[in-house]
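Note: the block below is target_0.cif and it holds mmCIF, C-alpha atoms.
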```cif
data_input
loop_
_atom_site.label_atom_id
_atom_site.label_comp_id
_atom_site.auth_asym_id
_atom_site.auth_seq_id
_atom_site.Cartn_x
_atom_site.Cartn_y
_atom_site.Cartn_z
CA MET N 1 95.46 66.54 23.41
CA SER N 2 93.10 68.86 21.53
CA VAL N 3 91.65 68.03 18.11
CA LYS N 4 93.89 70.72 16.61
CA GLN N 5 96.98 69.12 18.17
CA GLU N 6 95.91 65.65 17.00
CA VAL N 7 95.35 66.89 13.44
CA LEU N 8 98.75 68.61 13.49
CA LYS N 9 100.43 65.50 14.89
CA THR N 10 98.94 63.34 12.13
CA LEU N 11 99.96 65.79 9.41
CA GLU N 12 103.46 66.31 10.89
CA GLU N 13 104.10 62.56 11.12
CA ASN N 14 103.03 62.16 7.49
CA ARG N 15 104.34 65.30 5.76
CA GLY N 16 103.57 65.29 2.08
CA GLU N 17 100.74 62.74 2.41
CA PHE N 18 97.11 63.69 1.90
CA PHE N 19 94.30 62.85 4.32
CA SER N 20 90.65 63.49 3.59
CA GLY N 21 88.59 65.28 6.22
CA GLU N 22 86.60 62.08 6.60
CA GLU N 23 89.76 60.02 7.14
CA LEU N 24 91.11 62.43 9.76
CA ALA N 25 87.72 62.54 11.47
CA GLY N 26 87.59 58.74 11.59
CA ARG N 27 91.13 58.43 12.97
CA LEU N 28 90.49 61.03 15.66
CA LYS N 29 86.87 60.06 16.36
CA VAL N 30 85.58 63.59 15.79
CA SER N 31 83.34 65.26 13.21
CA ARG N 32 84.57 66.49 9.83
CA ALA N 33 83.53 69.98 10.97
CA ALA N 34 85.93 69.69 13.93
CA VAL N 35 88.71 68.68 11.53
CA TRP N 36 87.91 71.61 9.22
CA LYS N 37 87.96 74.06 12.15
CA SER N 38 91.30 72.65 13.28
CA ILE N 39 92.77 72.99 9.78
CA LYS N 40 91.62 76.62 9.60
CA ALA N 41 93.07 77.34 13.07
CA LEU N 42 96.40 75.79 12.06
CA GLU N 43 96.48 77.89 8.88
CA THR N 44 95.84 81.00 10.99
CA MET N 45 98.84 80.00 13.13
CA GLY N 46 101.04 79.98 10.02
CA TYR N 47 101.04 76.30 9.03
CA LYS N 48 101.06 75.80 5.26
CA ILE N 49 98.37 73.21 4.65
CA LYS N 50 97.42 72.22 1.12
CA ALA N 51 93.74 71.48 0.57
CA VAL N 52 93.08 69.62 -2.68
CA PRO N 53 89.59 68.54 -3.75
CA ASN N 54 89.17 64.73 -3.80
CA ARG N 55 92.56 64.27 -2.07
CA GLY N 56 92.27 66.09 1.24
CA TYR N 57 94.71 67.97 3.44
CA CYS N 58 98.49 67.82 3.46
CA LEU N 59 101.08 69.70 5.50
CA ALA N 60 103.41 71.37 3.02
CA THR N 61 107.00 70.23 3.31
CA ALA N 62 108.00 73.91 3.33
CA SER N 63 105.95 74.65 6.47
CA ASP N 64 108.46 75.92 9.03
CA VAL N 65 106.38 76.64 12.14
CA LEU N 66 107.87 75.11 15.29
CA SER N 67 105.60 72.74 17.17
CA VAL N 68 105.97 70.04 19.81
CA GLU N 69 104.38 67.57 17.39
CA GLY N 70 106.83 68.50 14.63
CA ILE N 71 109.86 68.25 16.91
CA LYS N 72 108.79 64.85 18.25
CA THR N 73 108.76 63.37 14.75
CA PHE N 74 112.57 63.62 14.81
CA LEU N 75 113.06 62.04 18.24
CA ASN N 76 113.61 58.40 19.10
CA LEU N 77 111.25 56.57 21.47
CA GLU N 78 113.36 57.34 24.56
CA GLN N 79 113.29 61.06 23.80
CA GLU N 80 109.56 61.26 23.04
CA SER N 81 108.77 61.51 26.75
CA LEU N 82 110.75 64.76 27.06
CA ASN N 83 108.79 67.77 28.25
CA ILE N 84 109.03 70.15 25.27
CA GLU N 85 107.69 73.69 25.43
CA VAL N 86 107.47 75.82 22.28
CA LYS N 87 106.80 79.56 22.46
CA GLU N 88 106.28 81.99 19.59
CA VAL N 89 108.11 84.72 21.49
CA THR N 90 110.19 84.77 24.64
CA GLY N 91 112.76 87.04 26.18
CA SER N 92 115.07 84.12 26.90
CA THR N 93 114.62 80.36 26.68
CA ASN N 94 117.35 80.11 29.32
CA GLN N 95 115.26 82.22 31.72
CA ASP N 96 112.21 80.09 30.85
CA ALA N 97 114.20 76.97 31.76
CA LYS N 98 115.41 78.47 35.05
CA LEU N 99 111.88 79.49 36.02
CA ALA N 100 110.51 76.07 35.12
CA ALA N 101 113.26 74.35 37.12
CA ALA N 102 112.48 76.53 40.13
CA ASN N 103 108.83 75.46 39.78
CA GLY N 104 109.70 71.75 39.69
CA ALA N 105 109.95 71.00 35.97
CA SER N 106 111.21 67.52 35.19
CA HIS N 107 114.85 66.90 34.30
CA GLY N 108 115.39 67.06 30.56
CA SER N 109 112.77 69.69 29.82
CA VAL N 110 113.34 71.49 26.51
CA PHE N 111 112.44 75.11 25.73
CA VAL N 112 112.28 76.36 22.15
CA ALA N 113 111.20 79.68 20.65
#
```
As structure tokens:
Amino acid sequence: MSVKQEVLKTLEENRGEFFSGEELAGRLKVSRAAVWKSIKALETMGYKIKAVPNRGYCLATASDVLSVEGIKTFLNLEQESLNIEVKEVTGSTNQDAKLAAANGASHGSVFVA
């Protein structure tokens, strides 16, 4: 998983809670600069991330961008192993599923756009 995905996962799992750049860097074993770059990339993708001096970063509860990490926060442990694919745009998630099945995708794959 990339640093950006790890930062998003942490923020998604703890919506409304603040994490300093130093705290995120320590959890993920990366530099604070890598965390900052990830936050900026996520904001560019449309995620609403609050940055408050002396408190840190927080994913706004109103952020409505679909992500695998965000979806998995609502699944139970059995469902967390599902193969979930999120696309910004697609002609048809049904066609995506058919193509993936023809290419050997695992049973229970989920396609969301």
Checklist outcome for this item: Correct to one decimal, the distance CA of Gln95 in chain N-CA of Asn83 in chain N is 16.2 Å
Item to check | Selection dump of the PyMOL selection byres ((chain N and resi 56) around 7), as a list in words | outcome: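 Written out, the selection comes to Phe18, Phe19, Ser20, Gly21, Ala51, Val52, Pro53, Asn54, Arg55, Tyr57 and Cys58 of chain N.
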Next on the checklist: On this structure, the PyMOL selection byres ((chain N and resi 96) around 12) would catch which residues? List them as a PyMOL selection string, sorted by chain and number.
Outcome noted: chain N and resi 84-87+89-95+97-103+105+109-113
Checklist entry - Of the candidates N:Ala34, N:Asp64, N:Leu11, N:Thr73, which one gets nearest to Lys50 in chain N if we count all atoms listed in the file? => result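 Going through N:Ala34, N:Asp64, N:Leu11, N:Thr73 one by one, the smallest distance to Lys50 in chain N is for N:Leu11.
Using all atoms listed in the file, the smallest distance between any of N:Gly26, N:Glu69, N:Ser106, N:Ala33 and Met1 in chain N comes from N:Glu69.
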Which polymer residues have any atom within 12 Å of an atom of Ser2 in chain N, counting all atoms listed in the file, with same-chain residues fewer than 2 positions away left out, as a PDB file with C-alpha atoms, keeping the file's coordinate frame?
```
ATOM      1  CA  LYS N   4      93.890  70.720  16.610  1.00  0.00           C
ATOM      2  CA  GLN N   5      96.980  69.120  18.170  1.00  0.00           C
ATOM      3  CA  GLU N   6      95.910  65.650  17.000  1.00  0.00           C
ATOM      4  CA  VAL N   7      95.350  66.890  13.440  1.00  0.00           C
ATOM      5  CA  LEU N   8      98.750  68.610  13.490  1.00  0.00           C
ATOM      6  CA  LYS N   9     100.430  65.500  14.890  1.00  0.00           C
ATOM      7  CA  LEU N  28      90.490  61.030  15.660  1.00  0.00           C
ATOM      8  CA  LYS N  29      86.870  60.060  16.360  1.00  0.00           C
ATOM      9  CA  VAL N  30      85.580  63.590  15.790  1.00  0.00           C
ATOM     10  CA  ALA N  34      85.930  69.690  13.930  1.00  0.00           C
ATOM     11  CA  VAL N  35      88.710  68.680  11.530  1.00  0.00           C
ATOM     12  CA  LYS N  37      87.960  74.060  12.150  1.00  0.00           C
ATOM     13  CA  SER N  38      91.300  72.650  13.280  1.00  0.00           C
ATOM     14  CA  ALA N  41      93.070  77.340  13.070  1.00  0.00           C
TER      15      ALA N  41
END
```
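One distance worth recording is that between CA of Thr61 in chain N and CA of Ser81 in chain N, which is 25.1 Å.
Of the listed residues N:Leu66, N:Lys40, N:Gly46, N:Thr10, the one whose atoms come nearest to Glu23 in chain N is N:Thr10, with distances taken using all atoms listed in the file.
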Checklist entry - What does the distance between CA of Ala60 in chain N and CA of Thr44 in chain N come to in Å, to one decimal place? => result 14.6 Å
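Distances here use all atoms listed in the file; by that measure, the residue among N:Glu22, N:Val3, N:Glu13, N:Arg27 closest to Leu75 in chain N is N:Glu13.
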Next on the checklist: Taking all atoms listed in the file into account, name the residue in N:Ser67, N:Ser31, N:Leu82, N:Glu12 that is nearest to Ile49 in chain N.
Outcome noted: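 Using all atoms listed in the file, Ile49 in chain N sits closest to N:Glu12.
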Checklist entry - Of the candidates N:Gly104, N:Val65, N:Arg32, N:Asn14, which shows the shortest atom-to-atom distance to Glu88 in chain N, using all atoms listed in the file? => result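 Going through N:Gly104, N:Val65, N:Arg32, N:Asn14 one by one, the smallest distance to Glu88 in chain N is for N:Val65.
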Enclose all atoms of range 18-36 of chain N listed in the file in an axis-aligned box, grow every side by 6 Å, and hand back centre and edge lengths in Å to one decimal, as AutoDock Vina command-line options.
```
--center_x 90.2 --center_y 65.0 --center_z 9.1 --size_x 25.8 --size_y 25.2 --size_z 26.5
```
